[in-house]
file final-v9.tsv (TSV, C-alpha atoms)
chain	number	residue	atom	x	y	z
A	1	MET	CA	0.00	0.00	0.00
A	2	HIS	CA	3.05	2.20	-0.19
A	3	SER	CA	2.44	3.78	-3.58
A	4	LEU	CA	-0.40	4.98	-5.77
A	5	GLY	CA	0.14	2.31	-8.39
A	6	TYR	CA	0.21	-0.45	-5.80
A	7	ARG	CA	-3.06	0.75	-4.30
A	8	ALA	CA	-4.70	1.01	-7.72
A	9	ASN	CA	-3.58	-2.55	-8.49
A	10	ALA	CA	-4.92	-3.85	-5.18
A	11	LEU	CA	-8.25	-2.09	-5.77
A	12	LEU	CA	-8.57	-3.54	-9.28
A	13	THR	CA	-7.78	-7.13	-8.32
A	14	PHE	CA	-9.97	-7.10	-5.22
A	15	GLY	CA	-12.79	-5.41	-7.16
A	16	VAL	CA	-12.70	-8.02	-9.93
A	17	THR	CA	-12.59	-10.85	-7.36
A	18	ILE	CA	-15.71	-9.46	-5.69
A	19	LEU	CA	-17.39	-9.10	-9.10
A	20	ALA	CA	-16.71	-12.79	-9.78
A	21	CYS	CA	-18.22	-13.68	-6.39
A	22	MET	CA	-21.31	-11.58	-7.15
A	23	CYS	CA	-21.76	-13.36	-10.48
A	24	ALA	CA	-21.38	-16.75	-8.79
A	25	ILE	CA	-24.02	-15.84	-6.19
A	26	ALA	CA	-26.29	-14.52	-8.94
A	27	SER	CA	-25.94	-17.84	-10.74
A	28	PHE	CA	-26.69	-19.68	-7.50
A	29	SER	CA	-29.79	-17.55	-6.94
A	30	ASP	CA	-31.22	-19.08	-10.13
A	31	THR	CA	-31.46	-22.46	-8.42
A	32	LEU	CA	-33.82	-20.96	-5.82
A	33	ASN	CA	-36.35	-20.32	-8.61
A	34	SER	CA	-38.79	-23.19	-9.06
A	35	PRO	CA	-40.48	-22.58	-12.42
A	36	THR	CA	-43.99	-23.78	-13.25
A	37	PRO	CA	-44.24	-23.50	-17.04
A	38	THR	CA	-47.37	-24.56	-18.86
A	39	ALA	CA	-47.83	-25.51	-22.50
A	40	ARG	CA	-50.57	-26.85	-24.73
A	41	VAL	CA	-50.22	-27.99	-28.35
A	42	GLN	CA	-53.08	-28.92	-30.66
A	43	VAL	CA	-52.65	-30.58	-34.04
A	44	LEU	CA	-55.26	-28.63	-36.03
A	45	ASN	CA	-54.78	-30.37	-39.36
A	46	ILE	CA	-52.58	-32.89	-41.19
A	47	ASN	CA	-51.93	-30.91	-44.38
A	48	ARG	CA	-49.89	-33.50	-46.20
A	49	PHE	CA	-48.83	-37.04	-45.36
A	50	GLN	CA	-46.98	-38.92	-48.02
A	51	LYS	CA	-44.14	-41.21	-48.90
A	52	LYS	CA	-41.30	-39.39	-50.60
A	53	PRO	CA	-39.75	-40.94	-53.74
A	54	ASP	CA	-36.78	-42.13	-51.68
A	55	GLY	CA	-39.10	-44.04	-49.37
A	56	ASP	CA	-39.13	-41.75	-46.30
A	57	ASP	CA	-42.39	-40.64	-44.77
A	58	GLU	CA	-43.06	-36.91	-44.53
A	59	VAL	CA	-45.80	-35.11	-42.64
A	60	SER	CA	-46.87	-31.48	-42.81
A	61	MET	CA	-49.21	-30.34	-40.06
A	62	THR	CA	-50.74	-27.18	-38.68
A	63	LEU	CA	-50.06	-26.68	-34.99
A	64	ASN	CA	-51.59	-24.46	-32.37
A	65	ILE	CA	-48.97	-23.82	-29.68
A	66	SER	CA	-49.78	-21.92	-26.52
A	67	ALA	CA	-47.37	-21.69	-23.63
A	68	ASN	CA	-46.58	-19.62	-20.56
A	69	LEU	CA	-42.87	-19.76	-19.80
A	70	GLN	CA	-42.69	-16.53	-17.77
A	71	SER	CA	-41.75	-18.39	-14.59
A	72	LEU	CA	-38.48	-19.46	-16.25
A	73	PHE	CA	-37.28	-15.87	-16.28
A	74	THR	CA	-35.27	-14.55	-13.34
A	75	TRP	CA	-33.14	-11.41	-12.99
A	76	ASN	CA	-30.19	-13.44	-14.29
A	77	THR	CA	-31.87	-14.72	-17.47
A	78	LYS	CA	-30.62	-13.47	-20.79
A	79	GLN	CA	-32.93	-15.45	-23.07
A	80	VAL	CA	-34.78	-18.72	-23.39
A	81	PHE	CA	-34.50	-21.00	-26.39
A	82	VAL	CA	-37.55	-23.17	-26.86
A	83	PHE	CA	-38.26	-25.89	-29.40
A	84	LEU	CA	-41.04	-28.34	-30.06
A	85	ALA	CA	-40.03	-31.87	-30.99
A	86	ALA	CA	-42.05	-34.85	-32.15
A	87	GLU	CA	-40.85	-37.96	-30.31
A	88	TYR	CA	-41.84	-41.48	-31.23
A	89	GLU	CA	-40.65	-45.06	-31.02
A	90	THR	CA	-39.94	-47.31	-34.01
A	91	PRO	CA	-38.93	-50.99	-34.09
A	92	LYS	CA	-35.36	-50.00	-34.93
A	93	ASN	CA	-34.89	-47.01	-32.59
A	94	SER	CA	-36.40	-46.60	-29.15
A	95	LEU	CA	-36.40	-42.79	-29.44
A	96	ASN	CA	-36.72	-40.66	-32.56
A	97	GLN	CA	-36.74	-36.87	-32.16
A	98	VAL	CA	-37.71	-34.48	-34.92
A	99	SER	CA	-37.64	-30.75	-34.28
A	100	LEU	CA	-40.77	-29.13	-35.70
A	101	TRP	CA	-40.61	-25.54	-34.49
A	102	ASP	CA	-38.32	-23.34	-32.39
A	103	ASN	CA	-38.13	-19.83	-31.05
A	104	ILE	CA	-35.86	-17.53	-29.02
A	105	ILE	CA	-37.61	-15.61	-26.25
A	106	PRO	CA	-35.53	-12.56	-25.26
A	107	LYS	CA	-37.91	-10.97	-22.75
A	108	LYS	CA	-40.19	-12.11	-19.97
A	109	GLU	CA	-43.09	-10.24	-21.57
A	110	ASP	CA	-42.76	-12.42	-24.68
A	111	ALA	CA	-42.73	-15.65	-22.69
A	112	GLU	CA	-46.53	-16.00	-22.65
A	113	PHE	CA	-47.46	-16.62	-26.27
A	114	TRP	CA	-49.93	-18.23	-28.62
A	115	ILE	CA	-49.05	-19.16	-32.18
A	116	ARG	CA	-50.70	-21.02	-35.03
A	117	THR	CA	-48.13	-22.36	-37.45
A	118	THR	CA	-47.24	-25.13	-39.82
A	119	ASN	CA	-44.16	-27.10	-38.81
A	120	LYS	CA	-41.17	-24.82	-39.36
A	121	TYR	CA	-38.80	-27.74	-40.05
A	122	ARG	CA	-39.77	-30.77	-42.13
A	123	PHE	CA	-41.16	-33.75	-40.23
A	124	ILE	CA	-39.44	-36.63	-42.05
A	125	ASP	CA	-38.93	-40.14	-40.73
A	126	GLN	CA	-35.86	-42.01	-41.92
A	127	GLY	CA	-37.91	-44.94	-43.07
A	128	SER	CA	-41.56	-45.61	-43.55
A	129	ASN	CA	-42.76	-45.88	-39.99
A	130	LEU	CA	-45.18	-42.99	-39.53
A	131	ARG	CA	-48.53	-44.51	-40.57
A	132	GLY	CA	-50.74	-44.91	-37.51
A	133	ARG	CA	-47.81	-44.00	-35.28
A	134	ASP	CA	-48.40	-42.69	-31.73
A	135	PHE	CA	-46.13	-39.77	-30.94
A	136	ASN	CA	-45.44	-37.25	-28.20
A	137	LEU	CA	-44.99	-33.54	-28.72
A	138	THR	CA	-42.31	-32.34	-26.31
A	139	LEU	CA	-41.57	-28.73	-25.57
A	140	HIS	CA	-37.87	-28.43	-24.72
A	141	TRP	CA	-36.33	-25.24	-23.37
A	142	HIS	CA	-32.82	-24.03	-22.61
A	143	VAL	CA	-32.54	-21.15	-20.17
A	144	MET	CA	-29.48	-19.04	-20.97
A	145	PRO	CA	-28.42	-17.00	-17.95
A	146	LYS	CA	-26.36	-13.81	-17.95
A	147	THR	CA	-23.81	-15.52	-15.72
A	148	GLY	CA	-23.43	-19.13	-14.74
A	149	LYS	CA	-24.88	-22.44	-15.72
A	150	MET	CA	-27.42	-23.13	-18.47
A	151	PHE	CA	-30.59	-24.96	-17.52
A	152	ALA	CA	-32.57	-27.27	-19.76
A	153	ASP	CA	-35.90	-28.95	-19.15
A	154	LYS	CA	-38.92	-30.21	-21.08
A	155	LEU	CA	-42.64	-30.71	-20.97
A	156	VAL	CA	-43.99	-33.89	-22.59
A	157	MET	CA	-47.46	-33.88	-24.13
A	158	THR	CA	-48.75	-37.33	-25.03
A	159	GLY	CA	-51.64	-38.81	-26.95
A	160	TYR	CA	-51.05	-37.75	-30.56
A	161	ARG	CA	-51.51	-40.20	-33.43
A	162	LEU	CA	-50.74	-39.97	-37.13
A	163	PRO	CA	-53.38	-41.19	-39.62
A	164	GLU	CA	-53.32	-44.72	-41.01
A	165	LEU	CA	-53.33	-43.60	-44.63
A	166	TYR	CA	-51.26	-41.23	-46.76
A	167	ARG	CA	-53.11	-38.18	-47.98
B	168	MET	CA	27.91	23.04	7.38
B	169	LEU	CA	24.83	22.47	5.23
B	170	GLN	CA	23.07	25.51	6.67
B	171	CYS	CA	26.07	27.71	5.85
B	172	ARG	CA	26.14	26.50	2.25
B	173	GLY	CA	22.40	27.13	1.93
B	174	SER	CA	22.74	30.74	3.07
B	175	GLU	CA	25.55	31.32	0.56
B	176	VAL	CA	23.49	30.02	-2.33
B	177	GLN	CA	20.48	32.07	-1.32
B	178	LYS	CA	22.39	35.29	-2.03
B	179	SER	CA	22.11	34.85	-5.81
B	180	THR	CA	18.72	34.95	-7.58
B	181	PHE	CA	19.37	31.51	-9.08
B	182	GLY	CA	19.96	30.20	-5.60
B	183	VAL	CA	16.69	31.76	-4.45
B	184	LEU	CA	14.85	29.90	-7.18
B	185	ILE	CA	16.55	26.62	-6.25
B	186	SER	CA	15.79	26.99	-2.58
B	187	LEU	CA	12.19	27.92	-3.40
B	188	TYR	CA	11.89	24.80	-5.57
B	189	ASN	CA	13.40	22.71	-2.79
B	190	GLN	CA	10.97	24.11	-0.24
B	191	ILE	CA	7.99	23.47	-2.49
B	192	SER	CA	9.06	19.95	-3.35
B	193	ILE	CA	9.75	19.15	0.30
B	194	ALA	CA	6.41	20.60	1.31
B	195	SER	CA	4.55	18.70	-1.42
B	196	ASP	CA	6.46	15.57	-0.48
B	197	LYS	CA	5.29	15.81	3.06
B	198	ARG	CA	1.75	16.96	2.43
B	199	PHE	CA	0.63	15.29	-0.80
B	200	LEU	CA	2.99	12.56	-1.93
B	201	GLN	CA	3.22	10.53	1.22
B	202	MET	CA	1.26	8.19	3.39
B	203	ASP	CA	2.44	7.21	6.83
B	204	TRP	CA	2.24	3.59	8.00
B	205	GLN	CA	-1.12	3.98	9.69
B	206	GLY	CA	-2.41	5.84	6.63
B	207	GLN	CA	-1.48	2.90	4.42
B	208	ARG	CA	-3.32	0.49	6.69
B	209	LEU	CA	-6.31	2.83	6.78
B	210	ALA	CA	-6.33	3.06	2.97
B	211	GLU	CA	-6.31	-0.73	2.58
B	212	THR	CA	-9.03	-1.28	5.19
B	213	LEU	CA	-11.12	1.51	3.70
B	214	MET	CA	-10.76	0.01	0.22
B	215	GLN	CA	-11.81	-3.48	1.34
B	216	ILE	CA	-14.75	-2.34	3.47
B	217	MET	CA	-16.07	0.05	0.80
B	218	LEU	CA	-15.84	-2.53	-2.00
B	219	VAL	CA	-17.60	-5.24	0.02
B	220	ALA	CA	-20.28	-2.80	1.19
B	221	PHE	CA	-20.95	-1.55	-2.35
B	222	ALA	CA	-21.06	-5.15	-3.60
B	223	GLY	CA	-23.64	-6.04	-0.96
B	224	VAL	CA	-25.79	-3.00	-1.72
B	225	ALA	CA	-25.49	-3.59	-5.47
B	226	PHE	CA	-26.42	-7.27	-5.23
B	227	LEU	CA	-29.44	-6.70	-2.99
B	228	THR	CA	-30.70	-3.79	-5.10
B	229	GLY	CA	-30.22	-5.78	-8.30
B	230	TYR	CA	-31.87	-8.89	-6.88
B	231	PHE	CA	-34.94	-7.16	-5.51
B	232	SER	CA	-35.39	-4.86	-8.51
B	233	ALA	CA	-34.78	-7.92	-10.75
B	234	SER	CA	-32.22	-5.98	-12.76
B	235	PHE	CA	-28.75	-7.36	-13.41
B	236	GLN	CA	-27.77	-4.11	-15.10
B	237	MET	CA	-28.67	-2.14	-11.97
B	238	MET	CA	-26.33	-4.34	-9.93
B	239	LEU	CA	-23.45	-3.77	-12.33
B	240	LEU	CA	-24.03	0.01	-12.50
B	241	ILE	CA	-24.14	0.41	-8.71
B	242	TYR	CA	-21.04	-1.72	-8.28
B	243	MET	CA	-19.16	0.21	-11.00
B	244	GLY	CA	-20.05	3.48	-9.26
B	245	GLY	CA	-18.87	1.97	-5.99
B	246	VAL	CA	-15.52	0.95	-7.48
B	247	VAL	CA	-14.98	4.48	-8.84
B	248	LEU	CA	-15.85	6.06	-5.46
B	249	THR	CA	-13.58	3.61	-3.65
B	250	ALA	CA	-10.74	4.41	-6.04
B	251	LEU	CA	-11.20	8.14	-5.44
B	252	ALA	CA	-11.25	7.62	-1.68
B	253	SER	CA	-8.40	5.18	-1.19
B	254	VAL	CA	-5.96	5.49	-4.11
B	255	PRO	CA	-4.73	9.14	-4.02
B	256	ASN	CA	-2.47	10.39	-1.23
B	257	TRP	CA	-5.10	12.31	0.68
B	258	PRO	CA	-3.83	14.38	3.63
B	259	PHE	CA	-5.90	12.39	6.13
B	260	PHE	CA	-3.72	9.34	5.38
B	261	ASN	CA	-0.76	11.31	6.70
B	262	ARG	CA	-1.78	12.24	10.23
B	263	HIS	CA	0.72	10.10	12.08
B	264	PRO	CA	4.15	11.34	11.01
B	265	LEU	CA	7.20	9.31	12.05
B	266	LYS	CA	9.23	10.91	14.84
B	267	TRP	CA	12.83	10.65	13.75
B	268	LEU	CA	15.65	11.37	16.17
B	269	ASP	CA	16.98	14.90	15.96
B	270	PRO	CA	20.06	14.86	13.68
B	271	ILE	CA	21.92	16.98	16.25
B	272	GLU	CA	21.72	14.06	18.67
B	273	ALA	CA	23.70	11.94	16.20
B	274	GLU	CA	26.31	14.67	15.78
B	275	LYS	CA	26.76	14.88	19.53
B	276	HIS	CA	27.57	11.18	19.79
B	277	PRO	CA	29.56	10.20	16.68
B	278	LYS	CA	30.83	6.67	16.28
B	279	PRO	CA	34.62	6.89	16.67
B	280	GLU	CA	35.42	3.63	14.83
B	281	SER	CA	33.57	4.47	11.64
B	282	THR	CA	35.17	7.89	11.29
B	283	SER	CA	38.69	6.50	11.83
B	284	SER	CA	38.20	3.67	9.35
B	285	SER	CA	36.84	6.05	6.71
B	286	SER	CA	39.80	8.38	7.18
B	287	LYS	CA	42.17	5.44	6.74
B	288	GLN	CA	40.44	4.47	3.52
B	289	GLU	CA	40.76	8.01	2.21
B	290	GLU	CA	44.46	7.95	3.01
B	291	GLY	CA	44.88	4.65	1.19
B	292	LEU	CA	43.08	5.99	-1.87
call {"tool": "encode", "arguments": {"input": "final-v9.tsv", "output": "structure tokens"}}
result
Amino acid sequence: MHSLGYRANALLTFGVTILACMCAIASFSDTLNSPTPTARVQVLNINRFQKKPDGDDEVSMTLNISANLQSLFTWNTKQVFVFLAAEYETPKNSLNQVSLWDNIIPKKEDAEFWIRTTNKYRFIDQGSNLRGRDFNLTLHWHVMPKTGKMFADKLVMTGYRLPELYR
Amino acid sequence: MLQCRGSEVQKSTFGVLISLYNQISIASDKRFLQMDWQGQRLAETLMQIMLVAFAGVAFLTGYFSASFQMMLLIYMGGVVLTALASVPNWPFFNRHPLKWLDPIEAEKHPKPESTSSSSKQEEGL
């Protein structure tokens, strides 16, 4: 502490150390939040369901997605990435996941939303397994904090079934 | 000896300027460019307490107003204030000057061995 430069150096290093501690505590405070998100997805219409020339099944559907993810947001949340995936089981693979729609939610005000959309990404099975197939629609989300650890969780909605015939 | 030389130099205008500069630099040394030992400890303690206090205030304000940016702004302001308070050589860090022995005391009791050895060395050279 004998000179001006030494004191400035001590102030800087101690200040940055405290800043790191504050960020760590802020990240820890996220774990105290127990979110209660809700989501509901309706399949309004199967627009197209056909076998492609290469033999893979492809579905186009209109979806009605409504969700309230506001409880995911804390003071340390930068944004939330959310995507809707169709998940189903085939004889070859126990879990197939196809992403149908995604979105980035930058603000808490935007986290309660309602959207009617066709699937943003193509719903293609690598094979011909989709006729009469039961599938789940799962809403996955990744919470991206300003500092600290990312969180990921999902909400599974069951009881969807594809038609028996191509159309 | 030194006092005699000083009075001789002061007779010329150049000498007046030099002595003036010496007086100013000595005065500024003592008043503005120094911290005594207790001042240094006070500066370090002040810096640590202020930073931790500002960090606590910033975190609580940010948490309860749900604004990360607010926390960072308050803490940045706190760091600047702490730097202004503890980094420069403020006069209140220099309130406990060291009491050196009077130089006359040393002249009254010179060490006989050191003077004799130095005189021998000068003779040898």
call {"tool": "interface_residues", "arguments": {"input": "final-v9.tsv", "of": "chain B", "to": "chain A", "cutoff": "9 Å", "atoms": "all atoms listed in the file", "output": "mmCIF file with C-alpha atoms, keeping the file's coordinate frame"}}
result
data_model
loop_
_atom_site.group_PDB
_atom_site.id
_atom_site.type_symbol
_atom_site.label_atom_id
_atom_site.label_comp_id
_atom_site.auth_asym_id
_atom_site.auth_seq_id
_atom_site.Cartn_x
_atom_site.Cartn_y
_atom_site.Cartn_z
ATOM 1 C CA LEU B 200 2.990 12.560 -1.930
ATOM 2 C CA GLN B 201 3.220 10.530 1.220
ATOM 3 C CA MET B 202 1.260 8.190 3.390
ATOM 4 C CA ASP B 203 2.440 7.210 6.830
ATOM 5 C CA TRP B 204 2.240 3.590 8.000
ATOM 6 C CA GLN B 207 -1.480 2.900 4.420
ATOM 7 C CA ARG B 208 -3.320 0.490 6.690
ATOM 8 C CA ALA B 210 -6.330 3.060 2.970
ATOM 9 C CA GLU B 211 -6.310 -0.730 2.580
ATOM 10 C CA MET B 214 -10.760 0.010 0.220
ATOM 11 C CA GLN B 215 -11.810 -3.480 1.340
ATOM 12 C CA LEU B 218 -15.840 -2.530 -2.000
ATOM 13 C CA VAL B 219 -17.600 -5.240 0.020
ATOM 14 C CA ALA B 222 -21.060 -5.150 -3.600
ATOM 15 C CA GLY B 223 -23.640 -6.040 -0.960
ATOM 16 C CA PHE B 226 -26.420 -7.270 -5.230
ATOM 17 C CA GLY B 229 -30.220 -5.780 -8.300
ATOM 18 C CA TYR B 230 -31.870 -8.890 -6.880
ATOM 19 C CA PHE B 231 -34.940 -7.160 -5.510
ATOM 20 C CA SER B 232 -35.390 -4.860 -8.510
ATOM 21 C CA ALA B 233 -34.780 -7.920 -10.750
ATOM 22 C CA SER B 234 -32.220 -5.980 -12.760
ATOM 23 C CA PHE B 235 -28.750 -7.360 -13.410
ATOM 24 C CA LEU B 239 -23.450 -3.770 -12.330
ATOM 25 C CA TYR B 242 -21.040 -1.720 -8.280
ATOM 26 C CA VAL B 246 -15.520 0.950 -7.480
ATOM 27 C CA THR B 249 -13.580 3.610 -3.650
ATOM 28 C CA ALA B 250 -10.740 4.410 -6.040
ATOM 29 C CA SER B 253 -8.400 5.180 -1.190
ATOM 30 C CA VAL B 254 -5.960 5.490 -4.110
ATOM 31 C CA PRO B 255 -4.730 9.140 -4.020
ATOM 32 C CA ASN B 256 -2.470 10.390 -1.230
#
call {"tool": "atom_distance", "arguments": {"input": "final-v9.tsv", "atom1": "CA of Ala39 in chain A", "atom2": "CA of Asn119 in chain A"}}
result
16.8 Å
call {"tool": "residues_around", "arguments": {"input": "final-v9.tsv", "residues": "range 79-88 of chain A", "least_positions_apart": "6", "cutoff": "8 Å", "atoms": "all atoms listed in the file", "output": "PyMOL selection string"}}
result
chain A and resi 94-107+133-145
call {"tool": "residues_around", "arguments": {"input": "final-v9.tsv", "residues": "Ala24 in chain A", "least_positions_apart": "4", "cutoff": "8 Å", "atoms": "only C-alpha atoms", "output": "PyMOL selection string"}}
result
chain A and resi 20+28+147-148
call {"tool": "write_last_selection", "arguments": {"input": "final-v9.tsv", "atoms": "C-alpha atoms", "output": "compact mmCIF listing (two decimals), keeping the file's coordinate frame"}}
result
# COMPACT_ATOMS: atom_id res chain seq x y z
CA ALA A 20 -16.71 -12.79 -9.78
CA PHE A 28 -26.69 -19.68 -7.50
CA THR A 147 -23.81 -15.52 -15.72
CA GLY A 148 -23.43 -19.13 -14.74
call {"tool": "atom_distance", "arguments": {"input": "final-v9.tsv", "atom1": "CA of Thr90 in chain A", "atom2": "CA of Ser66 in chain A"}}
result
28.2 Å
call {"tool": "atom_distance", "arguments": {"input": "final-v9.tsv", "atom1": "CA of Val43 in chain A", "atom2": "CA of Tyr160 in chain A"}}
result
8.1 Å
call {"tool": "residues_around", "arguments": {"input": "final-v9.tsv", "residues": "range 126-131 of chain A", "least_positions_apart": "4", "cutoff": "8 Å", "atoms": "all atoms listed in the file", "output": "ChimeraX atom specification"}}
result
/A:51,55-57,90,162-166
call {"tool": "decode", "arguments": {"input": "final-v9.tsv", "residues": "range 87-96 of chain A", "atoms": "all heavy atoms", "output": "PDB file, in the first residue's frame"}}
result
ATOM      1  N   GLU A  87     -41.649 -36.827 -30.803  1.00  0.00           N
ATOM      2  CA  GLU A  87     -40.851 -37.960 -30.315  1.00  0.00           C
ATOM      3  C   GLU A  87     -41.691 -39.227 -30.432  1.00  0.00           C
ATOM      4  O   GLU A  87     -42.836 -39.261 -29.994  1.00  0.00           O
ATOM      5  CB  GLU A  87     -40.425 -37.718 -28.863  1.00  0.00           C
ATOM      6  CG  GLU A  87     -39.538 -36.496 -28.711  1.00  0.00           C
ATOM      7  CD  GLU A  87     -39.096 -36.233 -27.283  1.00  0.00           C
ATOM      8  OE1 GLU A  87     -39.644 -36.862 -26.355  1.00  0.00           O
ATOM      9  OE2 GLU A  87     -38.204 -35.397 -27.106  1.00  0.00           O
ATOM     10  N   TYR A  88     -41.091 -40.234 -31.044  1.00  0.00           N
ATOM     11  CA  TYR A  88     -41.842 -41.481 -31.232  1.00  0.00           C
ATOM     12  C   TYR A  88     -40.874 -42.664 -31.247  1.00  0.00           C
ATOM     13  O   TYR A  88     -39.659 -42.494 -31.369  1.00  0.00           O
ATOM     14  CB  TYR A  88     -42.664 -41.420 -32.530  1.00  0.00           C
ATOM     15  CG  TYR A  88     -41.841 -41.138 -33.764  1.00  0.00           C
ATOM     16  CD1 TYR A  88     -41.376 -42.175 -34.566  1.00  0.00           C
ATOM     17  CD2 TYR A  88     -41.511 -39.833 -34.122  1.00  0.00           C
ATOM     18  CE1 TYR A  88     -40.621 -41.928 -35.690  1.00  0.00           C
ATOM     19  CE2 TYR A  88     -40.750 -39.572 -35.241  1.00  0.00           C
ATOM     20  CZ  TYR A  88     -40.304 -40.617 -36.015  1.00  0.00           C
ATOM     21  OH  TYR A  88     -39.542 -40.356 -37.116  1.00  0.00           O
ATOM     22  N   GLU A  89     -41.453 -43.844 -31.089  1.00  0.00           N
ATOM     23  CA  GLU A  89     -40.652 -45.059 -31.023  1.00  0.00           C
ATOM     24  C   GLU A  89     -40.880 -45.879 -32.284  1.00  0.00           C
ATOM     25  O   GLU A  89     -42.012 -45.983 -32.762  1.00  0.00           O
ATOM     26  CB  GLU A  89     -41.072 -45.863 -29.785  1.00  0.00           C
ATOM     27  CG  GLU A  89     -40.180 -47.049 -29.490  1.00  0.00           C
ATOM     28  CD  GLU A  89     -40.672 -47.848 -28.279  1.00  0.00           C
ATOM     29  OE1 GLU A  89     -41.483 -47.324 -27.500  1.00  0.00           O
ATOM     30  OE2 GLU A  89     -40.239 -49.014 -28.134  1.00  0.00           O
ATOM     31  N   THR A  90     -39.816 -46.414 -32.853  1.00  0.00           N
ATOM     32  CA  THR A  90     -39.938 -47.305 -34.007  1.00  0.00           C
ATOM     33  C   THR A  90     -39.278 -48.631 -33.654  1.00  0.00           C
ATOM     34  O   THR A  90     -38.513 -48.700 -32.671  1.00  0.00           O
ATOM     35  CB  THR A  90     -39.242 -46.706 -35.244  1.00  0.00           C
ATOM     36  OG1 THR A  90     -37.895 -46.410 -34.924  1.00  0.00           O
ATOM     37  CG2 THR A  90     -39.933 -45.445 -35.726  1.00  0.00           C
ATOM     38  N   PRO A  91     -39.554 -49.688 -34.411  1.00  0.00           N
ATOM     39  CA  PRO A  91     -38.929 -50.992 -34.093  1.00  0.00           C
ATOM     40  C   PRO A  91     -37.412 -50.913 -34.043  1.00  0.00           C
ATOM     41  O   PRO A  91     -36.767 -51.615 -33.251  1.00  0.00           O
ATOM     42  CB  PRO A  91     -39.397 -51.883 -35.254  1.00  0.00           C
ATOM     43  CG  PRO A  91     -40.653 -51.259 -35.725  1.00  0.00           C
ATOM     44  CD  PRO A  91     -40.529 -49.796 -35.513  1.00  0.00           C
ATOM     45  N   LYS A  92     -36.812 -50.057 -34.866  1.00  0.00           N
ATOM     46  CA  LYS A  92     -35.355 -50.000 -34.928  1.00  0.00           C
ATOM     47  C   LYS A  92     -34.760 -49.125 -33.825  1.00  0.00           C
ATOM     48  O   LYS A  92     -33.738 -49.462 -33.231  1.00  0.00           O
ATOM     49  CB  LYS A  92     -34.951 -49.458 -36.305  1.00  0.00           C
ATOM     50  CG  LYS A  92     -33.531 -49.805 -36.711  1.00  0.00           C
ATOM     51  CD  LYS A  92     -33.294 -49.371 -38.149  1.00  0.00           C
ATOM     52  CE  LYS A  92     -31.818 -49.376 -38.493  1.00  0.00           C
ATOM     53  NZ  LYS A  92     -31.601 -48.812 -39.847  1.00  0.00           N
ATOM     54  N   ASN A  93     -35.418 -47.964 -33.574  1.00  0.00           N
ATOM     55  CA  ASN A  93     -34.888 -47.012 -32.589  1.00  0.00           C
ATOM     56  C   ASN A  93     -35.923 -46.752 -31.497  1.00  0.00           C
ATOM     57  O   ASN A  93     -37.100 -46.515 -31.780  1.00  0.00           O
ATOM     58  CB  ASN A  93     -34.542 -45.684 -33.271  1.00  0.00           C
ATOM     59  CG  ASN A  93     -33.506 -45.867 -34.358  1.00  0.00           C
ATOM     60  OD1 ASN A  93     -32.431 -46.410 -34.113  1.00  0.00           O
ATOM     61  ND2 ASN A  93     -33.844 -45.438 -35.564  1.00  0.00           N
ATOM     62  N   SER A  94     -35.452 -46.785 -30.249  1.00  0.00           N
ATOM     63  CA  SER A  94     -36.395 -46.596 -29.152  1.00  0.00           C
ATOM     64  C   SER A  94     -36.829 -45.139 -29.017  1.00  0.00           C
ATOM     65  O   SER A  94     -37.873 -44.852 -28.453  1.00  0.00           O
ATOM     66  CB  SER A  94     -35.770 -47.074 -27.842  1.00  0.00           C
ATOM     67  OG  SER A  94     -34.609 -46.320 -27.568  1.00  0.00           O
ATOM     68  N   LEU A  95     -35.999 -44.199 -29.515  1.00  0.00           N
ATOM     69  CA  LEU A  95     -36.404 -42.791 -29.441  1.00  0.00           C
ATOM     70  C   LEU A  95     -35.995 -42.074 -30.719  1.00  0.00           C
ATOM     71  O   LEU A  95     -34.817 -42.058 -31.086  1.00  0.00           O
ATOM     72  CB  LEU A  95     -35.751 -42.110 -28.229  1.00  0.00           C
ATOM     73  CG  LEU A  95     -36.043 -40.617 -28.076  1.00  0.00           C
ATOM     74  CD1 LEU A  95     -37.531 -40.377 -27.838  1.00  0.00           C
ATOM     75  CD2 LEU A  95     -35.235 -40.017 -26.935  1.00  0.00           C
ATOM     76  N   ASN A  96     -36.981 -41.509 -31.398  1.00  0.00           N
ATOM     77  CA  ASN A  96     -36.721 -40.657 -32.557  1.00  0.00           C
ATOM     78  C   ASN A  96     -37.193 -39.256 -32.208  1.00  0.00           C
ATOM     79  O   ASN A  96     -38.302 -39.085 -31.698  1.00  0.00           O
ATOM     80  CB  ASN A  96     -37.510 -41.144 -33.774  1.00  0.00           C
ATOM     81  CG  ASN A  96     -37.144 -42.564 -34.145  1.00  0.00           C
ATOM     82  OD1 ASN A  96     -36.275 -42.818 -34.950  1.00  0.00           O
ATOM     83  ND2 ASN A  96     -37.836 -43.514 -33.525  1.00  0.00           N
TER      84      ASN A  96
END
